[in-house]
$ cat protein_25.txt   # compact mmCIF, C-alpha atoms
# COMPACT_ATOMS: atom_id res chain seq x y z
CA MET G 638 63.72 -159.42 37.15
CA SER G 639 65.88 -161.42 39.48
CA SER G 640 67.35 -160.05 42.67
CA THR G 641 70.80 -160.82 43.91
CA TRP G 642 71.40 -160.92 47.68
CA PHE G 643 74.79 -160.28 49.19
CA ARG G 644 75.61 -161.68 52.57
CA ARG G 645 78.67 -160.70 54.58
CA SER G 646 80.71 -163.76 55.40
CA LYS G 647 82.56 -162.12 58.27
CA GLN G 648 81.47 -159.78 60.96
CA GLY G 649 83.42 -156.73 59.87
CA ILE G 650 86.98 -155.68 60.24
CA LEU G 651 88.20 -154.98 63.73
CA THR G 652 90.73 -152.21 64.09
CA SER G 653 92.97 -151.83 67.08
CA THR G 654 92.43 -148.53 68.93
CA LYS G 655 95.27 -148.87 71.38
CA GLU G 656 97.38 -146.32 69.54
CA LYS G 657 94.56 -143.79 69.13
CA LYS G 658 95.37 -140.44 70.73
CA GLU G 659 92.42 -138.75 72.36
CA THR G 660 92.24 -134.95 72.51
CA PRO G 661 92.08 -133.86 76.15
CA ASP G 662 88.80 -132.27 77.22
CA GLY G 663 88.87 -128.50 77.39
CA LEU G 664 91.87 -128.07 75.10
CA TRP G 665 89.91 -126.29 72.36
CA HIS G 666 87.27 -123.56 72.45
CA LYS G 667 84.67 -122.86 69.76
CA CYS G 668 83.36 -119.30 69.78
CA PRO G 669 79.55 -119.29 70.18
CA GLU G 670 79.36 -116.14 68.04
CA CYS G 671 81.63 -116.66 65.00
CA LYS G 672 82.24 -120.44 65.47
CA ALA G 673 86.00 -119.99 65.06
CA THR G 674 88.23 -122.32 67.07
CA SER G 675 91.14 -121.42 69.30
CA THR G 676 92.95 -123.17 72.11
CA SER G 677 91.62 -122.64 75.61
CA GLN G 678 94.99 -121.22 76.62
CA GLU G 679 94.92 -118.65 73.81
CA LEU G 680 91.43 -117.62 74.92
CA ALA G 681 92.51 -117.28 78.56
CA ASP G 682 95.55 -115.22 77.55
CA ASN G 683 93.17 -112.91 75.67
CA MET G 684 90.94 -112.42 78.75
CA TYR G 685 88.34 -114.83 77.34
CA VAL G 686 87.65 -112.52 74.40
CA CYS G 687 87.46 -114.29 71.03
CA LEU G 688 90.63 -113.69 69.03
CA HIS G 689 88.65 -113.67 65.77
CA CYS G 690 85.49 -111.62 66.38
CA GLY G 691 85.96 -109.99 69.79
CA TYR G 692 83.07 -111.84 71.42
CA HIS G 693 83.24 -111.57 75.23
CA ASN G 694 82.77 -115.06 76.63
CA ARG G 695 81.00 -115.35 79.96
CA SER G 696 83.40 -115.18 82.87
CA ASN G 697 83.01 -115.39 86.63
CA ALA G 698 84.61 -113.86 89.71
CA VAL G 699 87.88 -115.76 89.42
CA GLU G 700 88.51 -114.31 85.94
CA TYR G 701 87.36 -110.76 86.69
CA PHE G 702 89.36 -110.59 89.92
CA ASP G 703 92.43 -111.66 87.95
CA ILE G 704 91.80 -108.86 85.45
CA LEU G 705 91.03 -106.09 87.95
CA PHE G 706 92.97 -106.63 91.16
CA ASP G 707 96.66 -105.70 91.08
CA ASN G 708 98.72 -108.90 90.76
CA ASN G 709 95.50 -110.85 91.41
CA GLU G 710 95.95 -110.12 95.13
CA PHE G 711 92.78 -109.73 97.16
CA GLU G 712 90.98 -110.90 100.29
CA THR G 713 87.62 -112.61 99.95
CA LEU G 714 84.87 -111.38 102.28
CA PHE G 715 81.77 -113.00 103.79
CA GLU G 716 82.49 -116.53 102.55
CA GLY G 717 80.87 -117.91 105.71
CA ILE G 718 77.40 -116.92 104.46
CA VAL G 719 75.79 -119.92 102.79
CA PRO G 720 72.31 -120.47 101.30
CA LYS G 721 69.63 -122.62 102.94
CA ASP G 722 66.48 -124.26 101.66
CA MET G 723 64.18 -122.34 103.99
CA LEU G 724 60.99 -123.32 102.14
CA ASN G 725 61.80 -127.00 101.45
CA PHE G 726 61.24 -126.08 97.82
CA MET G 727 61.04 -128.75 95.13
CA ASP G 728 60.53 -128.60 91.39
CA MET G 729 62.29 -131.29 89.35
CA LYS G 730 64.49 -131.93 92.40
CA PRO G 731 64.81 -130.49 95.91
CA TYR G 732 66.41 -127.06 96.13
CA SER G 733 68.78 -128.43 98.77
CA SER G 734 70.05 -130.93 96.18
CA ARG G 735 70.53 -128.16 93.62
CA LEU G 736 72.59 -126.19 96.12
CA GLU G 737 74.76 -129.20 96.98
CA GLU G 738 75.36 -129.98 93.32
CA ALA G 739 76.19 -126.36 92.42
CA GLN G 740 78.61 -126.08 95.33
CA ARG G 741 80.27 -129.36 94.40
CA VAL G 742 80.68 -128.51 90.71
CA THR G 743 81.70 -124.85 91.06
CA HIS G 744 83.55 -124.99 94.40
CA LEU G 745 81.61 -121.83 95.33
CA THR G 746 79.29 -121.21 98.26
CA ASP G 747 76.82 -119.16 96.19
CA ALA G 748 76.39 -116.96 93.12
CA MET G 749 78.21 -113.94 94.57
CA THR G 750 81.90 -113.53 95.45
CA VAL G 751 83.14 -110.40 97.23
CA GLY G 752 86.79 -109.38 97.34
CA VAL G 753 88.77 -106.38 98.54
CA GLY G 754 92.09 -105.41 97.00
CA LYS G 755 93.83 -102.72 94.98
CA ILE G 756 92.95 -101.51 91.49
CA ASN G 757 95.88 -99.49 90.18
CA GLU G 758 97.10 -99.00 93.76
CA ARG G 759 93.71 -97.80 95.04
CA GLN G 760 91.80 -99.98 97.49
CA ALA G 761 88.33 -101.05 96.32
CA VAL G 762 85.67 -103.70 96.87
CA ILE G 763 84.40 -105.85 94.00
CA ALA G 764 81.26 -107.97 94.28
CA CYS G 765 81.07 -110.29 91.27
CA MET G 766 78.25 -112.65 90.31
CA ASN G 767 79.02 -116.20 89.20
CA PHE G 768 76.77 -117.35 86.37
CA ASN G 769 77.95 -120.94 86.75
CA PHE G 770 76.15 -121.11 90.12
CA ILE G 771 72.45 -121.70 89.29
CA GLY G 772 72.53 -119.13 86.49
CA GLY G 773 73.88 -116.36 88.71
CA SER G 774 70.44 -116.17 90.30
CA MET G 775 69.83 -113.64 93.07
CA GLY G 776 68.94 -115.31 96.35
CA SER G 777 69.14 -114.19 99.95
CA VAL G 778 72.89 -114.82 100.13
CA VAL G 779 73.57 -112.60 97.10
CA GLY G 780 71.58 -109.79 98.67
CA GLU G 781 73.22 -110.24 102.06
CA LYS G 782 76.73 -110.22 100.59
CA ILE G 783 75.98 -107.00 98.68
CA SER G 784 74.53 -105.50 101.85
CA ARG G 785 77.62 -106.36 103.89
CA ALA G 786 79.92 -105.22 101.09
CA ILE G 787 78.22 -101.81 101.21
CA ASP G 788 78.62 -101.64 105.00
CA PHE G 789 82.29 -102.54 104.58
CA CYS G 790 82.74 -99.77 102.01
CA VAL G 791 81.02 -97.20 104.23
CA THR G 792 83.12 -98.14 107.26
CA ASN G 793 86.41 -98.18 105.35
CA LYS G 794 85.62 -95.34 102.90
CA LEU G 795 86.07 -97.52 99.79
CA PRO G 796 84.46 -97.50 96.33
CA LEU G 797 82.22 -100.40 95.33
CA ILE G 798 82.11 -102.21 91.99
CA ILE G 799 79.36 -104.77 91.37
CA ILE G 800 79.76 -107.03 88.33
CA SER G 801 76.34 -108.36 87.36
CA LYS G 802 75.69 -111.52 85.38
CA SER G 803 72.39 -113.12 86.24
CA GLY G 804 69.25 -114.80 85.05
CA GLY G 805 67.33 -112.87 87.70
CA ALA G 806 65.76 -113.71 91.05
CA ARG G 807 66.14 -117.25 92.40
CA MET G 808 62.64 -118.70 92.18
CA MET G 809 63.45 -121.47 94.68
CA GLU G 810 63.61 -118.84 97.44
CA SER G 811 60.38 -117.10 96.47
CA ALA G 812 59.77 -113.87 98.48
CA PHE G 813 63.14 -114.22 100.23
CA SER G 814 64.75 -113.60 96.87
CA LEU G 815 62.46 -110.76 95.80
CA MET G 816 63.11 -108.96 99.09
CA GLN G 817 66.75 -108.54 98.06
CA MET G 818 65.72 -105.98 95.43
CA ALA G 819 64.49 -103.50 98.03
CA LYS G 820 67.22 -104.43 100.50
CA THR G 821 70.13 -103.75 98.14
CA ALA G 822 68.55 -100.57 96.74
CA ALA G 823 68.11 -99.17 100.25
CA LYS G 824 71.68 -100.05 101.21
CA LEU G 825 73.05 -98.32 98.10
CA THR G 826 71.37 -95.15 99.33
CA ARG G 827 73.50 -95.43 102.47
CA LEU G 828 76.63 -95.74 100.31
CA ALA G 829 75.66 -92.62 98.34
CA LYS G 830 75.09 -90.63 101.55
CA ALA G 831 78.57 -91.66 102.70
CA GLY G 832 79.97 -90.14 99.50
CA MET G 833 81.46 -93.39 98.19
CA PRO G 834 81.06 -94.21 94.48
CA TYR G 835 79.26 -97.26 93.16
CA ILE G 836 80.22 -98.46 89.69
CA SER G 837 77.79 -100.98 88.17
CA PHE G 838 79.30 -103.21 85.50
CA LEU G 839 76.72 -105.18 83.50
CA THR G 840 77.79 -108.27 81.58
CA ASP G 841 76.00 -110.88 79.48
CA PRO G 842 73.31 -111.62 80.58
CA THR G 843 71.96 -109.22 83.20
CA THR G 844 68.23 -109.78 83.51
CA GLY G 845 65.21 -109.97 85.80
CA GLY G 846 65.26 -108.71 89.36
CA VAL G 847 68.97 -107.93 89.23
CA THR G 848 68.39 -105.45 86.40
CA ALA G 849 65.36 -104.10 88.25
CA SER G 850 67.43 -103.34 91.35
CA TYR G 851 71.13 -102.78 92.01
CA ALA G 852 72.45 -103.39 88.48
CA MET G 853 70.93 -100.15 87.13
CA LEU G 854 71.53 -97.98 90.21
CA GLY G 855 75.21 -97.19 89.75
CA ASP G 856 76.67 -93.72 89.89
CA ILE G 857 78.12 -94.97 86.61
CA ASN G 858 76.55 -97.83 84.64
CA ILE G 859 78.89 -99.53 82.19
CA ALA G 860 78.65 -102.73 80.19
CA GLU G 861 80.58 -105.13 77.99
CA PRO G 862 79.96 -105.18 74.23
CA ASN G 863 76.91 -107.07 72.97
CA ALA G 864 75.66 -107.91 76.48
CA LEU G 865 71.99 -108.80 76.94
CA ILE G 866 70.57 -106.39 79.53
CA ALA G 867 66.87 -106.62 80.24
CA PHE G 868 64.11 -107.24 82.74
CA ALA G 869 62.18 -109.73 80.62
CA GLY G 870 63.78 -111.50 77.67
CA PRO G 871 63.16 -110.43 74.05
CA ARG G 872 60.84 -113.38 73.38
CA VAL G 873 58.61 -112.54 76.35
CA VAL G 874 58.48 -108.85 75.41
CA LYS G 875 57.60 -109.65 71.81
CA GLU G 876 54.83 -112.02 72.84
CA THR G 877 53.45 -109.43 75.27
CA ILE G 878 53.36 -106.37 72.99
CA LYS G 879 52.65 -108.38 69.81
CA LYS G 880 55.15 -106.38 67.79
CA ASP G 881 58.53 -107.01 66.21
CA LEU G 882 61.39 -105.60 68.24
CA PRO G 883 64.04 -103.17 66.94
CA ALA G 884 67.34 -104.63 65.77
CA GLY G 885 69.70 -105.22 68.68
CA PHE G 886 66.91 -104.65 71.20
CA GLN G 887 68.18 -105.09 74.80
CA LYS G 888 71.82 -105.33 73.78
CA SER G 889 74.27 -103.00 75.49
CA GLU G 890 74.81 -100.91 72.33
CA PHE G 891 71.04 -100.27 72.08
CA LEU G 892 70.88 -99.28 75.76
CA LEU G 893 73.84 -96.93 75.39
CA GLU G 894 72.16 -95.22 72.45
CA HIS G 895 68.97 -94.75 74.49
CA GLY G 896 70.64 -93.40 77.61
CA PHE G 897 70.56 -96.38 79.97
CA LEU G 898 74.36 -96.79 80.03
CA ASP G 899 77.21 -94.35 80.39
CA PHE G 900 79.66 -96.27 78.23
CA ILE G 901 80.63 -99.70 76.91
CA VAL G 902 84.09 -101.04 77.66
CA ASN G 903 86.13 -103.81 76.10
CA ARG G 904 87.42 -106.27 78.69
CA LYS G 905 91.01 -105.46 77.77
CA GLU G 906 90.44 -101.84 78.81
CA LEU G 907 88.28 -102.64 81.82
CA LYS G 908 90.83 -102.13 84.59
CA HIS G 909 92.00 -98.78 83.22
CA LYS G 910 88.43 -97.53 82.72
CA ILE G 911 87.28 -98.51 86.21
CA ALA G 912 90.38 -97.03 87.82
CA THR G 913 89.77 -93.80 85.89
CA ALA G 914 86.10 -93.73 86.94
CA ILE G 915 87.08 -94.12 90.60
CA GLU G 916 89.43 -91.17 90.21
CA TRP G 917 86.51 -89.03 89.08
CA PHE G 918 84.94 -89.46 92.51
CA ILE G 919 87.92 -89.85 94.84
CA LYS G 920 90.98 -87.62 94.59
$ encode --input "protein_25.txt" --output "structure tokens"
Amino acid sequence: MSSTWFRRSKQGILTSTKEKKETPDGLWHKCPECKATSTSQELADNMYVCLHCGYHNRSNAVEYFDILFDNNEFETLFEGIVPKDMLNFMDMKPYSSRLEEAQRVTHLTDAMTVGVGKINERQAVIACMNFNFIGGSMGSVVGEKISRAIDFCVTNKLPLIIISKSGGARMMESAFSLMQMAKTAAKLTRLAKAGMPYISFLTDPTTGGVTASYAMLGDINIAEPNALIAFAGPRVVKETIKKDLPAGFQKSEFLLEHGFLDFIVNRKELKHKIATAIEWFIK
């Protein structure tokens, strides 16, 4: 049997790309839950909740402050507190380099932003975690900002809302990070003695030392739909106990059913629900 060989006489056809129109980055959003596509503007107008399945996309302080504070008017507090590499810690890169990169990319000083403003005409303090800053990890600055926010609330007789979204303690700060668990828990006792309410709002994900401290210590604990709330992740728990986990284990709906949460709130109803909860405590 004979074989016939074909050889291309020319190098291929060149096509001009000068007229090609590129889609700008960030114009479209693909839902990580249902995979449906919408424009980024449509998503923002819907409070970053998927228009197709209701999935609550991860948001940070800038988005939550816009949702909660009247006319998005507020004063930021304690922005002069910045993290330091006290241990000269290094893993894949120096911790100091990680901090510089996170600050450059996010334009934030750390993973916690504190603001004071009005929620339905009532003054309140909101401390919101930023997951885009090293996974919302809890370091010494996060703990110190919560501590000072509590002092501010006690002095000015204001309610406190903490919005948690975190991968847990910041390992690069070692014991300095773990100390924030006891520090914030003790300070919340001072807030309770002053008679000021603390509303803990847990969003996806709230894990590790944050869950094991201030996130679960609210006078009212509320969460967004389908949020992962846990100390250790499902994979770690399964490997430890050597058993299959119940369906929806560690999701907010499961925690509500088992008494760890007071209620779950859709982001579109968040402002009204928090304002109502504050009214329960302050007349």
$ closest_residue --input "protein_25.txt" --among "G:Leu714, G:Ser803, G:Ser774, G:Ala831" --to "Ala786 of chain G" --atoms "all atoms listed in the file"
G:Leu714
$ residues_around --input "protein_25.txt" --residues "Ala914 of chain G" --least-positions-apart "5" --cutoff "10 Å" --atoms "only C-alpha atoms" --output "list in words"
Pro834, Tyr835, Ile836, Asp856, Ile857, Lys908, His909 and Ile919 of chain G
$ atom_distance --input "protein_25.txt" --atom1 "atom CA of Cys765 of chain G" --atom2 "atom CA of Ala748 of chain G"
8.4 Å
$ atom_distance --input "protein_25.txt" --atom1 "atom CA of Thr676 of chain G" --atom2 "atom CA of Asn694 of chain G"
13.8 Å
$ closest_residue --input "protein_25.txt" --among "G:Ala912, G:Met727, G:Ala806, G:Leu664" --to "Glu679 of chain G" --atoms "all atoms listed in the file"
G:Leu664
$ residues_around --input "protein_25.txt" --residues "Gly832 of chain G" --least-positions-apart "6" --cutoff "10 Å" --atoms "only C-alpha atoms" --output "JSON, numbers by chain"
{"G": [791, 794, 795, 796, 826, 918, 919]}
$ atom_distance --input "protein_25.txt" --atom1 "atom CA of Val847 of chain G" --atom2 "atom CA of Met775 of chain G"
6.9 Å
$ residues_near_point --input "protein_25.txt" --point "(85.0, -108.9, 91.6)" --cutoff "9 Å" --atoms "only C-alpha atoms" --output "list in words"
Asn697, Ala698, Val699, Glu700, Tyr701, Phe702, Asp703, Leu705, Phe706, Met749, Thr750, Val751, Gly752, Val753, Val762, Ile763, Ala764, Cys765, Met766, Ile798, Ile799 and Ile800 of chain G
$ closest_residue --input "protein_25.txt" --among "G:Arg735, G:Lys905, G:Lys920, G:Lys755" --to "Val686 of chain G" --atoms "all atoms listed in the file"
G:Lys905
$ residues_around --input "protein_25.txt" --residues "Lys910 of chain G" --least-positions-apart "3" --cutoff "12 Å" --atoms "all atoms listed in the file" --output "list in words"
Leu705, Ile756, Asn757, Ile836, Phe838, Ile857, Ile859, Ala860, Glu861, Asp899, Phe900, Ile901, Val902, Asn903, Arg904, Lys905, Glu906, Leu907, Thr913, Ala914, Ile915, Glu916 and Trp917 of chain G
$ closest_residue --input "protein_25.txt" --among "G:Val873, G:Leu688, G:Met818, G:Ala739" --to "Gly772 of chain G" --atoms "only C-alpha atoms"
G:Ala739
$ residues_around --input "protein_25.txt" --residues "Ser784 of chain G" --least-positions-apart "5" --cutoff "9 Å" --atoms "all atoms listed in the file" --output "PyMOL selection string"
chain G and resi 779+789+820-821+824-825
$ residues_around --input "protein_25.txt" --residues "Pro842 of chain G" --least-positions-apart "3" --cutoff "12 Å" --atoms "only C-alpha atoms" --output "VMD selection string"
chain G and resid 693 to 696 766 to 768 772 to 774 800 to 805 838 to 839 845 847 to 848 852 860 to 870 887 to 889
$ closest_residue --input "protein_25.txt" --among "G:Arg807, G:Lys782, G:Arg872, G:His895" --to "Thr746 of chain G" --atoms "only C-alpha atoms"
G:Lys782
$ closest_residue --input "protein_25.txt" --among "G:Leu828, G:Ala884, G:Leu898, G:Met684" --to "Met853 of chain G" --atoms "all atoms listed in the file"
G:Leu898
